[in-house]
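With compact mmCIF, C-alpha atoms and all ligand atoms inside, this is input19.txt:
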# COMPACT_ATOMS: atom_id res chain seq x y z
CA MET O 883 -38.15 6.03 2.67
CA ILE O 884 -38.77 2.60 1.17
CA ILE O 885 -37.48 1.26 -2.14
CA LYS O 886 -39.57 -1.72 -3.27
CA ASN O 887 -39.59 -4.17 -6.14
CA ALA O 888 -35.78 -4.17 -6.21
CA THR O 889 -33.05 -6.71 -6.88
CA ILE O 890 -30.77 -6.09 -3.92
CA ILE O 891 -27.11 -7.12 -3.99
CA ALA O 892 -27.14 -7.73 -0.27
CA GLY O 893 -24.59 -8.06 2.53
CA THR O 894 -20.84 -8.42 2.31
CA GLU O 895 -21.35 -11.59 0.25
CA LEU O 896 -23.15 -9.54 -2.41
CA LEU O 897 -25.91 -12.10 -2.79
CA PRO O 898 -28.83 -11.00 -4.97
CA MET O 899 -32.33 -11.06 -3.47
CA GLU O 900 -35.69 -9.70 -4.60
CA GLY O 901 -37.31 -7.38 -2.08
CA TYR O 902 -37.35 -3.95 -0.49
CA ILE O 903 -35.11 -1.65 1.58
CA LYS O 904 -36.33 0.70 4.28
CA VAL O 905 -34.04 3.68 5.02
CA LYS O 906 -34.44 5.86 8.09
CA ASP O 907 -32.21 8.75 9.19
CA GLY O 908 -29.63 7.81 6.57
CA ARG O 909 -29.29 4.19 7.69
CA ILE O 910 -30.68 0.90 6.43
CA LYS O 911 -33.47 0.05 8.85
CA GLU O 912 -34.86 -3.04 7.21
CA ILE O 913 -34.23 -5.33 4.25
CA GLY O 914 -37.08 -7.64 3.36
CA SER O 915 -37.65 -10.24 0.71
CA GLY O 916 -40.71 -10.30 -1.51
CA GLY O 917 -43.33 -7.59 -2.00
CA CYS O 918 -44.06 -4.44 -0.04
CA HIS O 919 -47.54 -2.91 -0.04
CA ASN O 920 -46.61 0.58 1.14
CA LYS O 921 -48.12 2.95 -1.45
CA ASN O 922 -45.53 5.65 -0.77
CA ALA O 923 -42.63 3.32 -1.47
CA VAL O 924 -40.44 4.12 -4.49
CA ASP O 925 -40.93 1.41 -7.12
CA ALA O 926 -37.49 0.34 -8.41
CA LYS O 927 -39.22 -1.60 -11.22
CA ARG O 928 -36.90 -4.56 -10.60
CA GLY O 929 -33.88 -2.27 -10.79
CA ILE O 930 -30.62 -3.51 -9.26
CA VAL O 931 -29.50 -1.95 -5.98
CA PHE O 932 -25.82 -2.35 -5.09
CA PRO O 933 -23.30 -0.64 -2.74
CA SER O 934 -21.88 2.57 -4.23
CA PHE O 935 -18.45 2.41 -5.80
CA THR O 936 -15.34 3.52 -3.92
CA ASN O 937 -12.55 4.86 -6.13
CA ALA O 938 -9.70 3.95 -3.79
CA HIS O 939 -6.90 5.58 -5.77
CA VAL O 940 -7.11 8.63 -7.95
CA HIS O 941 -5.04 11.73 -8.77
CA LEU O 942 -7.53 14.53 -9.26
CA MET O 943 -5.15 17.44 -9.88
CA ASP O 944 -4.36 16.17 -13.37
CA SER O 945 -8.06 16.32 -14.30
CA ILE O 946 -6.94 19.28 -16.45
CA ALA O 947 -4.74 17.11 -18.68
CA PRO O 948 -6.67 14.05 -19.94
CA ASP O 949 -4.54 12.00 -22.35
CA ALA O 950 -1.66 14.49 -22.46
CA GLY O 951 1.44 12.65 -23.68
CA ALA O 952 -0.53 9.43 -24.19
CA TYR O 953 2.24 7.81 -26.24
CA GLU O 954 5.12 8.70 -23.92
CA LYS O 955 6.70 6.41 -21.32
CA ILE O 956 5.34 6.47 -17.75
CA GLY O 957 8.31 8.45 -16.38
CA ARG O 958 7.96 11.16 -19.04
CA ARG O 959 4.22 11.42 -18.36
CA VAL O 960 3.87 11.33 -14.56
CA GLY O 961 7.42 11.09 -13.22
CA LYS O 962 9.26 13.98 -11.54
CA GLY O 963 9.31 16.97 -13.91
CA GLY O 964 7.18 15.05 -16.44
CA ILE O 965 4.42 16.35 -18.72
CA LYS O 966 1.88 16.17 -15.90
CA PHE O 967 3.86 18.51 -13.67
CA GLN O 968 4.58 20.92 -16.51
CA ILE O 969 0.84 21.23 -17.20
CA LEU O 970 0.01 21.58 -13.48
CA GLU O 971 2.50 24.45 -13.30
CA GLU O 972 1.30 26.17 -16.49
CA LYS O 973 -2.42 25.84 -15.78
CA ARG O 974 -2.40 26.11 -12.01
CA LYS O 975 -5.48 28.35 -11.98
CA ASP O 976 -7.59 25.71 -13.73
CA ILE O 977 -6.90 22.96 -11.18
CA PRO O 978 -9.84 23.61 -8.76
CA ALA O 979 -12.33 23.67 -11.65
CA GLY O 980 -10.78 20.46 -13.05
CA ILE O 981 -11.14 18.69 -9.70
CA GLY O 982 -14.74 19.94 -9.43
CA ALA O 983 -15.60 18.51 -12.85
CA SER O 984 -14.10 15.13 -11.86
CA LEU O 985 -16.10 15.04 -8.63
CA LYS O 986 -19.30 15.60 -10.62
CA GLU O 987 -18.29 12.84 -12.99
CA MET O 988 -17.77 10.46 -10.06
CA THR O 989 -21.20 11.22 -8.65
CA ALA O 990 -22.80 10.68 -12.05
CA SER O 991 -21.13 7.28 -12.39
CA GLY O 992 -22.06 5.86 -8.98
CA THR O 993 -18.90 6.62 -6.98
CA THR O 994 -19.61 8.17 -3.59
CA ALA O 995 -16.18 7.93 -1.91
CA PHE O 996 -12.63 8.29 -3.18
CA CYS O 997 -9.02 8.62 -2.12
CA ASP O 998 -7.13 11.42 -3.88
CA PHE O 999 -3.34 11.35 -3.91
CA ARG O 1000 -2.65 15.07 -4.06
CA GLU O 1001 0.63 16.41 -5.41
CA GLY O 1002 2.07 19.85 -4.71
CA GLY O 1003 2.83 19.57 -0.98
CA LEU O 1004 1.09 22.07 1.26
CA ASN O 1005 -0.37 24.09 -1.65
CA GLY O 1006 -1.83 20.90 -3.15
CA VAL O 1007 -3.78 19.85 -0.06
CA LYS O 1008 -5.14 23.37 0.37
CA ILE O 1009 -6.99 23.25 -2.97
CA LYS O 1010 -10.75 23.14 -2.47
CA PRO O 1011 -13.03 22.74 -5.49
CA ARG O 1012 -16.14 24.92 -5.43
CA ILE O 1013 -18.97 22.42 -5.69
CA LYS O 1014 -22.11 22.13 -3.56
CA ALA O 1015 -22.14 18.39 -3.03
CA GLY O 1016 -20.01 15.50 -4.13
CA PRO O 1017 -18.47 12.22 -3.08
CA SER O 1018 -16.65 11.92 0.27
CA GLY O 1019 -12.94 12.32 -0.16
CA ILE O 1020 -9.91 11.09 1.70
CA ILE O 1021 -7.04 13.38 0.70
CA LEU O 1022 -3.46 12.14 0.99
CA GLY O 1023 -0.81 14.82 0.51
CA ARG O 1024 2.88 14.81 -0.32
CA PRO O 1025 5.71 16.38 1.63
CA GLY O 1026 6.81 19.77 0.30
CA GLY O 1027 6.28 23.52 0.69
CA GLY O 1028 6.64 23.43 4.48
CA ASP O 1029 7.27 20.85 7.15
CA ILE O 1030 5.47 17.54 6.82
CA SER O 1031 3.43 18.19 9.93
CA SER O 1032 1.77 21.26 8.34
CA VAL O 1033 0.81 19.13 5.29
CA LEU O 1034 -0.65 16.45 7.58
CA ASP O 1035 -2.70 19.05 9.44
CA LYS O 1036 -4.53 19.88 6.20
CA CYS O 1037 -5.28 16.35 4.98
CA ASP O 1038 -5.90 12.71 5.95
CA GLY O 1039 -2.40 11.33 5.48
CA ILE O 1040 0.50 10.91 3.10
CA GLY O 1041 0.57 9.16 -0.28
CA VAL O 1042 4.20 8.38 -1.11
CA SER O 1043 4.84 8.64 -4.88
CA SER O 1044 7.59 6.00 -4.73
CA VAL O 1045 10.20 5.03 -2.14
CA ALA O 1046 12.81 5.83 -4.83
CA ASP O 1047 11.82 9.53 -4.70
CA TYR O 1048 13.05 9.96 -1.10
CA SER O 1049 16.19 9.35 0.96
CA LYS O 1050 16.13 6.89 3.86
CA ASN O 1051 15.96 9.76 6.35
CA GLU O 1052 13.13 11.45 4.50
CA LEU O 1053 11.16 8.19 4.48
CA LYS O 1054 11.77 7.81 8.20
CA ASP O 1055 10.43 11.32 8.79
CA ILE O 1056 7.34 10.62 6.68
CA LYS O 1057 6.65 7.41 8.59
CA ASN O 1058 7.15 8.95 12.04
CA ALA O 1059 5.18 12.14 11.36
CA THR O 1060 2.23 10.24 9.87
CA ARG O 1061 2.09 7.76 12.74
CA LYS O 1062 2.39 10.54 15.31
CA LYS O 1063 -0.68 12.27 13.88
CA LYS O 1064 -2.46 8.88 13.53
CA LYS O 1065 -3.10 9.48 9.83
CA ILE O 1066 -3.04 7.24 6.76
CA LEU O 1067 0.22 6.23 5.08
CA ALA O 1068 -0.02 4.76 1.59
CA VAL O 1069 2.75 3.95 -0.89
CA HIS O 1070 2.84 3.45 -4.68
CA THR O 1071 4.83 0.29 -5.22
CA ALA O 1072 6.05 -2.04 -7.99
CA GLU O 1073 4.24 -0.13 -10.72
CA VAL O 1074 7.33 -0.62 -12.88
CA LYS O 1075 10.07 -2.11 -10.68
CA ASP O 1076 9.63 -4.33 -7.64
CA ASP O 1077 10.35 -2.08 -4.64
CA VAL O 1078 7.87 -3.78 -2.31
CA LYS O 1079 10.43 -4.66 0.34
CA ALA O 1080 11.36 -1.01 0.90
CA ALA O 1081 7.70 0.06 0.80
CA LEU O 1082 6.73 -2.52 3.46
CA LYS O 1083 9.43 -1.13 5.77
CA LEU O 1084 7.26 1.99 6.14
CA GLY O 1085 4.46 -0.12 7.63
CA PRO O 1086 1.91 1.33 5.18
CA ASP O 1087 -1.84 1.19 5.71
CA PHE O 1088 -2.10 0.13 2.09
CA LEU O 1089 -0.01 -0.27 -1.05
CA VAL O 1090 -0.98 0.92 -4.52
CA HIS O 1091 -0.39 -1.08 -7.76
CA MET O 1092 1.79 -4.20 -7.14
CA THR O 1093 1.81 -4.48 -10.95
CA ASN O 1094 5.31 -5.94 -11.25
CA ALA O 1095 5.65 -7.49 -7.79
CA LYS O 1096 7.61 -10.73 -7.81
CA SER O 1097 6.43 -13.87 -5.98
CA ALA O 1098 8.53 -13.20 -2.87
CA SER O 1099 7.07 -9.68 -2.61
CA LEU O 1100 3.53 -10.96 -3.00
CA GLU O 1101 4.22 -13.50 -0.25
CA ALA O 1102 5.55 -10.77 2.06
CA VAL O 1103 2.43 -8.65 1.48
CA PHE O 1104 0.11 -11.61 2.03
CA LYS O 1105 1.93 -12.53 5.23
CA LYS O 1106 1.42 -9.05 6.63
CA LYS O 1107 -2.11 -8.89 5.18
CA THR O 1108 -1.33 -5.40 3.88
CA PRO O 1109 -4.28 -4.18 1.79
CA VAL O 1110 -3.57 -3.42 -1.87
CA VAL O 1111 -5.30 -0.97 -4.19
CA ILE O 1112 -4.99 -2.07 -7.80
CA CYS O 1113 -5.47 0.14 -10.88
CA PRO O 1114 -5.57 -2.31 -13.81
CA ARG O 1115 -6.91 0.01 -16.52
CA ALA O 1116 -4.34 2.72 -15.74
CA ASN O 1117 -1.55 0.10 -15.69
CA ALA O 1118 -2.72 -1.20 -19.07
CA MET O 1119 -2.93 2.30 -20.55
CA LEU O 1120 0.62 3.04 -19.39
CA GLY O 1121 1.84 -0.24 -20.86
CA VAL O 1122 3.46 -1.39 -17.62
CA GLY O 1123 1.73 -4.78 -17.31
CA LEU O 1124 -1.03 -6.02 -15.01
CA PRO O 1125 -0.95 -7.21 -11.40
CA LYS O 1126 -1.73 -10.80 -10.46
CA ILE O 1127 -5.33 -9.85 -9.76
CA LYS O 1128 -6.68 -13.28 -8.80
CA GLU O 1129 -3.80 -14.02 -6.42
CA LEU O 1130 -4.23 -10.63 -4.76
CA LEU O 1131 -8.01 -11.04 -4.43
CA GLU O 1132 -7.54 -14.42 -2.77
CA ASN O 1133 -4.84 -13.45 -0.31
CA THR O 1134 -5.38 -9.92 0.95
CA THR O 1135 -7.93 -7.10 1.02
CA VAL O 1136 -8.05 -5.59 -2.45
CA ALA O 1137 -9.66 -2.31 -3.45
CA ILE O 1138 -9.72 -0.68 -6.89
CA GLY O 1139 -8.81 2.77 -8.17
CA THR O 1140 -8.77 4.51 -11.54
CA ASP O 1141 -5.47 6.37 -10.85
CA ASN O 1142 -4.53 9.57 -12.72
CA VAL O 1143 -7.39 11.32 -14.50
CA MET O 1144 -4.71 12.23 -17.03
CA ILE O 1145 -4.30 8.55 -17.87
CA ASN O 1146 -7.69 6.97 -17.30
CA SER O 1147 -11.37 7.84 -16.93
CA LEU O 1148 -13.06 7.86 -13.54
CA ASP O 1149 -15.83 5.46 -14.49
CA MET O 1150 -15.86 2.51 -12.09
CA PHE O 1151 -18.32 0.56 -14.31
CA ARG O 1152 -15.56 0.47 -16.92
CA GLU O 1153 -12.98 -0.38 -14.26
CA VAL O 1154 -14.86 -3.40 -12.90
CA GLU O 1155 -15.47 -4.80 -16.36
CA PHE O 1156 -11.81 -4.53 -17.31
CA THR O 1157 -10.56 -5.85 -13.95
CA PHE O 1158 -12.91 -8.82 -13.92
CA LYS O 1159 -12.08 -9.91 -17.45
CA ALA O 1160 -8.35 -9.27 -17.07
CA ALA O 1161 -8.35 -11.35 -13.87
CA ARG O 1162 -10.02 -14.26 -15.66
CA ALA O 1163 -7.75 -13.96 -18.68
CA LEU O 1164 -4.49 -13.74 -16.71
CA ALA O 1165 -5.37 -16.65 -14.42
CA LYS O 1166 -7.06 -18.61 -17.24
CA ASP O 1167 -9.92 -19.11 -14.79
CA HIS O 1168 -13.46 -19.11 -16.15
CA GLY O 1169 -14.79 -19.71 -12.64
CA LEU O 1170 -13.49 -16.50 -11.07
CA ASP O 1171 -16.49 -14.99 -9.30
CA ALA O 1172 -17.55 -11.48 -10.31
CA ARG O 1173 -18.51 -10.74 -6.71
CA ALA O 1174 -14.84 -10.72 -5.67
CA VAL O 1175 -14.22 -7.82 -8.06
CA LEU O 1176 -17.48 -6.03 -7.27
CA GLY O 1177 -16.67 -6.26 -3.54
CA ALA O 1178 -13.19 -4.83 -4.20
CA ALA O 1179 -14.70 -1.90 -6.11
CA THR O 1180 -17.34 -1.10 -3.51
CA ILE O 1181 -17.15 -2.34 0.10
CA ASN O 1182 -13.40 -3.04 0.30
CA GLY O 1183 -12.48 0.51 -0.70
CA ARG O 1184 -14.38 1.81 2.34
CA LYS O 1185 -12.63 -0.75 4.54
CA VAL O 1186 -9.15 0.16 3.30
CA LEU O 1187 -9.81 3.89 3.71
CA GLY O 1188 -11.32 3.53 7.18
CA LEU O 1189 -14.78 4.69 6.06
CA GLU O 1190 -18.12 3.26 7.16
CA ASN O 1191 -19.08 -0.11 5.73
CA ASN O 1192 -21.55 0.41 2.90
CA SER O 1193 -22.61 -3.18 2.32
CA ILE O 1194 -26.40 -3.37 2.08
CA THR O 1195 -26.96 -4.73 5.56
CA GLU O 1196 -29.47 -3.69 8.23
CA GLY O 1197 -27.94 -1.03 10.49
CA ASN O 1198 -25.32 0.09 7.98
CA VAL O 1199 -25.19 3.56 6.48
CA ALA O 1200 -27.36 3.81 3.36
CA ASP O 1201 -24.89 4.32 0.51
CA PHE O 1202 -26.03 2.59 -2.62
CA VAL O 1203 -26.78 2.93 -6.33
CA ILE O 1204 -29.93 1.88 -8.17
CA VAL O 1205 -29.55 0.88 -11.82
CA LYS O 1206 -32.30 0.12 -14.31
CA ARG O 1207 -32.92 -3.51 -15.05
CA LYS O 1208 -32.64 -4.50 -18.68
CA LYS O 1209 -34.81 -7.26 -20.09
CA TYR O 1210 -33.70 -10.88 -20.04
CA LEU O 1211 -30.90 -10.53 -17.49
CA TYR O 1212 -29.95 -13.82 -15.84
CA ASP O 1213 -27.33 -12.57 -13.42
CA PRO O 1214 -27.63 -9.10 -11.81
CA VAL O 1215 -24.01 -9.07 -10.53
CA LEU O 1216 -22.66 -9.84 -13.99
CA ALA O 1217 -25.00 -7.20 -15.40
CA ILE O 1218 -23.23 -4.60 -13.24
CA MET O 1219 -19.86 -5.93 -14.36
CA HIS O 1220 -20.39 -5.74 -18.09
CA ARG O 1221 -23.88 -5.01 -19.32
CA LEU O 1222 -24.84 -1.83 -17.49
CA ALA O 1223 -23.18 1.58 -17.53
CA SER O 1224 -23.35 4.89 -15.69
CA GLY O 1225 -26.13 5.98 -18.07
CA ASP O 1226 -28.32 3.24 -16.56
CA ILE O 1227 -28.19 4.76 -13.07
CA LYS O 1228 -31.69 5.46 -11.84
CA GLY O 1229 -30.69 6.90 -8.49
CA THR O 1230 -28.32 7.07 -5.55
CA VAL O 1231 -28.97 7.09 -1.82
CA VAL O 1232 -26.15 8.45 0.34
CA GLY O 1233 -27.14 8.83 3.98
CA ARG O 1234 -29.99 11.32 4.07
CA SER O 1235 -29.39 12.44 0.51
CA VAL O 1236 -31.75 10.68 -1.89
CA CYS O 1237 -31.65 11.30 -5.63
CA ILE O 1238 -33.95 9.08 -7.71
CA LYS O 1239 -35.03 9.80 -11.29
CA LYS O 1240 -38.77 9.56 -11.85
CA SER O 1241 -38.79 7.76 -15.20
ZN ZN E 1 -1.12 6.83 -8.41
Could I get this structure in the form of structure tokens?
Amino acid sequence: MIIKNATIIAGTELLPMEGYIKVKDGRIKEIGSGGCHNKNAVDAKRGIVFPSFTNAHVHLMDSIAPDAGAYEKIGRRVGKGGIKFQILEEKRKDIPAGIGASLKEMTASGTTAFCDFREGGLNGVKIKPRIKAGPSGIILGRPGGGDISSVLDKCDGIGVSSVADYSKNELKDIKNATRKKKKILAVHTAEVKDDVKAALKLGPDFLVHMTNAKSASLEAVFKKKTPVVICPRANAMLGVGLPKIKELLENTTVAIGTDNVMINSLDMFREVEFTFKAARALAKDHGLDARAVLGAATINGRKVLGLENNSITEGNVADFVIVKRKKYLYDPVLAIMHRLASGDIKGTVVGRSVCIKKS
């Protein structure tokens, strides 16, 4: 399959070029500049082709409770015994359908991989939504409902809600069991209070949030080069502040997530716009490059989650989105950041699966 007449956001540098992409057996065989005379090629009509989004942090179980308790404090909403958990208990039967609907929403908005932090211990990681096809998911469970090893056997690792939720011994068990099974260990940290030091002691594969991390904690994370997944729109919605986005982007690998479906929508177009503008505003930096945020929302998520690199590079897996080109656009990367939306998606190519609208 060939896609011609495209504006390709190419390579890990995300540099725009005009040309064509040849895909064979689910991989990018060739990227060429200029025209392509193959009559069977799909004409992108100057549409923009960019690596699919990776939603690197989401809680899908609460897809059944969007905006519940929107004016309550974070602890009352998603803390232990909070509104979220009351609804999950009351409407347990609806959870698989809720997750299924969210997966469809992700596909429709250009997200082809995600990392779901699943609550509910062993029962939580056993939930399987009934949908035919959807984005690739990394599922991180929580201890509970059996020994930790049985939870790990059913998922890709552990997502610790907060170091404050566990005793020292419990944290030690989580760390040892996860390492023994060679699975992912991720930790929510400094969403409200700075608990980065304790989180780093677990040797996590990545941290989530860093919203209220103090300078010394940021330094410690940068020194270890621990990747960080930020969720700026969810943080803003919860009224807990915003992380130092520019500093994080410049000093470690940053990926982006939309966090709880209860709190925030899954649309990564909205997330990149908010993140990019918030980063510029907080740092008072009009020169902050949009590509740093686009890379965080696409390629870096794959890197942090240990998935295949989806930068548009010859030899890589084909995993990209095609969006319509609007008239008069000067900068295709900025167009993705704040002028285009999921409704502008013309198609997606994920490995051997090709879905391109005709019009
Ligand atoms: Zn979270």
Please produce, as a tab-separated table, a per-residue contact table for chain O versus ligand ZN 1 (chain E) (criterion: any atom at most 8 Å away, all atoms listed in the file considered), showing the nearest atom pair and its distance in Å to one decimal, sorted by chain then residue number.
residue	atom	partner	partner_atom	distance
O:His939	CA	E:ZN1	ZN	6.5
O:Val940	CA	E:ZN1	ZN	6.3
O:His941	CA	E:ZN1	ZN	6.3
O:Phe999	CA	E:ZN1	ZN	6.8
O:Ser1043	CA	E:ZN1	ZN	7.2
O:His1070	CA	E:ZN1	ZN	6.4
O:Val1090	CA	E:ZN1	ZN	7.1
O:His1091	CA	E:ZN1	ZN	8.0
O:Asp1141	CA	E:ZN1	ZN	5.0
O:Asn1142	CA	E:ZN1	ZN	6.1
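Among O:Ile891, O:Met1092, O:Ile1227, O:Leu1148, the residue with the shortest atom-to-atom distance to Pro1109 of chain O, counting all atoms listed in the file, is O:Met1092.
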Check which residues of segment 963-1067 of chain O sit at most 12 Å from segment 1081-1084 of chain O using all atoms listed in the file, and return one row each with the closest pair of atoms and their distance in Å to one decimal, ordered by chain and rising number, as a tab-separated table.
residue	atom	partner	partner_atom	distance
O:Ile1040	CA	O:Leu1084	CA	11.6
O:Gly1041	CA	O:Ala1081	CA	11.6
O:Val1042	CA	O:Ala1081	CA	9.2
O:Ser1043	CA	O:Ala1081	CA	10.7
O:Ser1044	CA	O:Ala1081	CA	8.1
O:Val1045	CA	O:Ala1081	CA	6.3
O:Ala1046	CA	O:Ala1081	CA	9.5
O:Asp1047	CA	O:Ala1081	CA	11.7
O:Tyr1048	CA	O:Ala1081	CA	11.4
O:Lys1050	CA	O:Leu1084	CA	10.4
O:Asn1051	CA	O:Leu1084	CA	11.7
O:Glu1052	CA	O:Leu1084	CA	11.3
O:Leu1053	CA	O:Leu1084	CA	7.5
O:Lys1054	CA	O:Leu1084	CA	7.6
O:Asp1055	CA	O:Leu1084	CA	10.2
O:Ile1056	CA	O:Leu1084	CA	8.6
O:Lys1057	CA	O:Leu1084	CA	6.0
O:Asn1058	CA	O:Leu1084	CA	9.1
O:Ala1059	CA	O:Leu1084	CA	11.6
O:Thr1060	CA	O:Leu1084	CA	10.4
O:Arg1061	CA	O:Leu1084	CA	10.2
O:Ile1066	CA	O:Leu1084	CA	11.6
O:Leu1067	CA	O:Leu1084	CA	8.3
Which neighbours of Thr993 of chain O fall inside 9 Å, counting only C-alpha atoms, when residues of the same chain fewer than 5 positions from it are skipped, and could you give them as a list in words?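 Once the adjacent positions are removed, what remains is Ser934, Phe935, Thr936, Asn937, Glu987, Met988, Pro1017, Leu1148, Asp1149, Met1150, Thr1180 and Val1203 of chain O.
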Restricted to C-alpha atoms, what would the selected residues look like written as a PDB file, in the frame of the given file?
ATOM      1  CA  SER O 934     -21.880   2.570  -4.230  1.00  0.00           C
ATOM      2  CA  PHE O 935     -18.450   2.410  -5.800  1.00  0.00           C
ATOM      3  CA  THR O 936     -15.340   3.520  -3.920  1.00  0.00           C
ATOM      4  CA  ASN O 937     -12.550   4.860  -6.130  1.00  0.00           C
ATOM      5  CA  GLU O 987     -18.290  12.840 -12.990  1.00  0.00           C
ATOM      6  CA  MET O 988     -17.770  10.460 -10.060  1.00  0.00           C
ATOM      7  CA  PRO O1017     -18.470  12.220  -3.080  1.00  0.00           C
ATOM      8  CA  LEU O1148     -13.060   7.860 -13.540  1.00  0.00           C
ATOM      9  CA  ASP O1149     -15.830   5.460 -14.490  1.00  0.00           C
ATOM     10  CA  MET O1150     -15.860   2.510 -12.090  1.00  0.00           C
ATOM     11  CA  THR O1180     -17.340  -1.100  -3.510  1.00  0.00           C
ATOM     12  CA  VAL O1203     -26.780   2.930  -6.330  1.00  0.00           C
TER      13      VAL O1203
END
Need to verify the contact set: Ser1099 of chain O, 12 Å, all atoms listed in the file, exclusion of same-chain residues closer than 3 positions in sequence. Can you return it as a VMD selection string? chain O and resid 1071 to 1072 1075 to 1082 1089 1092 to 1096 1102 to 1106 1108 1126 1130
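In this structure, atom CA of Leu897 of chain O sits 16.6 Å away from atom CA of Ile910 of chain O.
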Residue contacts of Ile1127 of chain O (12 Å, all atoms listed in the file) excluding same-chain residues fewer than 4 positions away, as an MDAnalysis selection string: chainID O and resid 1091:1095 1100 1110:1114 1123 1131:1138 1154 1156:1167 1170 1174:1175 1178
Using all atoms listed in the file, which residues sit within 6 Å of segment 1023-1032 of chain O once same-chain residues fewer than 5 positions away are excluded, as a list of chain:residue names? O:Arg1000, O:Glu1001, O:Gly1003, O:Leu1004, O:Val1007, O:Ile1040, O:Gly1041
Output C-alpha atoms of each residue in that selection to a file, as a JSON list (two decimals), in the coordinates of the input.
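Now in again_37.json:
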[["chain", "number", "residue", "atom", "x", "y", "z"],
["O", 1000, "ARG", "CA", -2.65, 15.07, -4.06],
["O", 1001, "GLU", "CA", 0.63, 16.41, -5.41],
["O", 1003, "GLY", "CA", 2.83, 19.57, -0.98],
["O", 1004, "LEU", "CA", 1.09, 22.07, 1.26],
["O", 1007, "VAL", "CA", -3.78, 19.85, -0.06],
["O", 1040, "ILE", "CA", 0.50, 10.91, 3.10],
["O", 1041, "GLY", "CA", 0.57, 9.16, -0.28]]
Between O:Leu970, O:Ile1204, O:Cys918, O:Ala1179, which residue has the minimum interatomic distance to Gly1229 of chain O, considering all atoms listed in the file?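 Ranking O:Leu970, O:Ile1204, O:Cys918, O:Ala1179 by distance to Gly1229 of chain O, first place goes to O:Ile1204.
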Mind giving me the axis-aligned box for segment 947-958 of chain O with 6 Å on every side, centre plus edges in Å to one decimal, as AutoDock Vina command-line options?
--center_x 0.8 --center_y 11.8 --center_z -21.3 --size_x 27.0 --size_y 22.7 --size_z 21.9
Rebuild segment 887-900 of chain O so that it carries N, CA and C atoms, then output the result as a PDB file, keeping the file's coordinate frame.
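What follows is the written file result_38.pdb:
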ATOM      1  N   ASN O 887     -39.681  -3.528  -4.823  1.00  0.00           N
ATOM      2  CA  ASN O 887     -39.590  -4.170  -6.140  1.00  0.00           C
ATOM      3  C   ASN O 887     -38.165  -4.054  -6.699  1.00  0.00           C
ATOM      4  N   ALA O 888     -37.189  -4.340  -5.831  1.00  0.00           N
ATOM      5  CA  ALA O 888     -35.780  -4.170  -6.210  1.00  0.00           C
ATOM      6  C   ALA O 888     -35.035  -5.515  -6.188  1.00  0.00           C
ATOM      7  N   THR O 889     -33.996  -5.596  -6.987  1.00  0.00           N
ATOM      8  CA  THR O 889     -33.050  -6.710  -6.880  1.00  0.00           C
ATOM      9  C   THR O 889     -31.886  -6.176  -6.067  1.00  0.00           C
ATOM     10  N   ILE O 890     -31.766  -6.658  -4.841  1.00  0.00           N
ATOM     11  CA  ILE O 890     -30.770  -6.090  -3.920  1.00  0.00           C
ATOM     12  C   ILE O 890     -29.533  -6.980  -3.893  1.00  0.00           C
ATOM     13  N   ILE O 891     -28.376  -6.379  -4.090  1.00  0.00           N
ATOM     14  CA  ILE O 891     -27.110  -7.120  -3.990  1.00  0.00           C
ATOM     15  C   ILE O 891     -26.695  -6.960  -2.512  1.00  0.00           C
ATOM     16  N   ALA O 892     -27.139  -7.920  -1.724  1.00  0.00           N
ATOM     17  CA  ALA O 892     -27.140  -7.730  -0.270  1.00  0.00           C
ATOM     18  C   ALA O 892     -25.927  -8.272   0.475  1.00  0.00           C
ATOM     19  N   GLY O 893     -25.617  -7.601   1.591  1.00  0.00           N
ATOM     20  CA  GLY O 893     -24.590  -8.060   2.530  1.00  0.00           C
ATOM     21  C   GLY O 893     -23.182  -8.005   1.964  1.00  0.00           C
ATOM     22  N   THR O 894     -22.226  -8.445   2.772  1.00  0.00           N
ATOM     23  CA  THR O 894     -20.840  -8.420   2.310  1.00  0.00           C
ATOM     24  C   THR O 894     -20.589  -9.528   1.275  1.00  0.00           C
ATOM     25  N   GLU O 895     -21.483 -10.508   1.241  1.00  0.00           N
ATOM     26  CA  GLU O 895     -21.350 -11.590   0.250  1.00  0.00           C
ATOM     27  C   GLU O 895     -21.888 -11.190  -1.114  1.00  0.00           C
ATOM     28  N   LEU O 896     -22.577 -10.063  -1.165  1.00  0.00           N
ATOM     29  CA  LEU O 896     -23.150  -9.540  -2.410  1.00  0.00           C
ATOM     30  C   LEU O 896     -24.084 -10.559  -3.084  1.00  0.00           C
ATOM     31  N   LEU O 897     -24.981 -11.104  -2.264  1.00  0.00           N
ATOM     32  CA  LEU O 897     -25.910 -12.100  -2.790  1.00  0.00           C
ATOM     33  C   LEU O 897     -27.209 -11.427  -3.235  1.00  0.00           C
ATOM     34  N   PRO O 898     -27.618 -11.653  -4.479  1.00  0.00           N
ATOM     35  CA  PRO O 898     -28.830 -11.000  -4.970  1.00  0.00           C
ATOM     36  C   PRO O 898     -30.092 -11.547  -4.307  1.00  0.00           C
ATOM     37  N   MET O 899     -31.015 -10.652  -3.981  1.00  0.00           N
ATOM     38  CA  MET O 899     -32.330 -11.060  -3.470  1.00  0.00           C
ATOM     39  C   MET O 899     -33.383 -10.076  -3.985  1.00  0.00           C
ATOM     40  N   GLU O 900     -34.599 -10.563  -4.144  1.00  0.00           N
ATOM     41  CA  GLU O 900     -35.690  -9.700  -4.600  1.00  0.00           C
ATOM     42  C   GLU O 900     -36.410  -9.182  -3.362  1.00  0.00           C
TER      43      GLU O 900
END
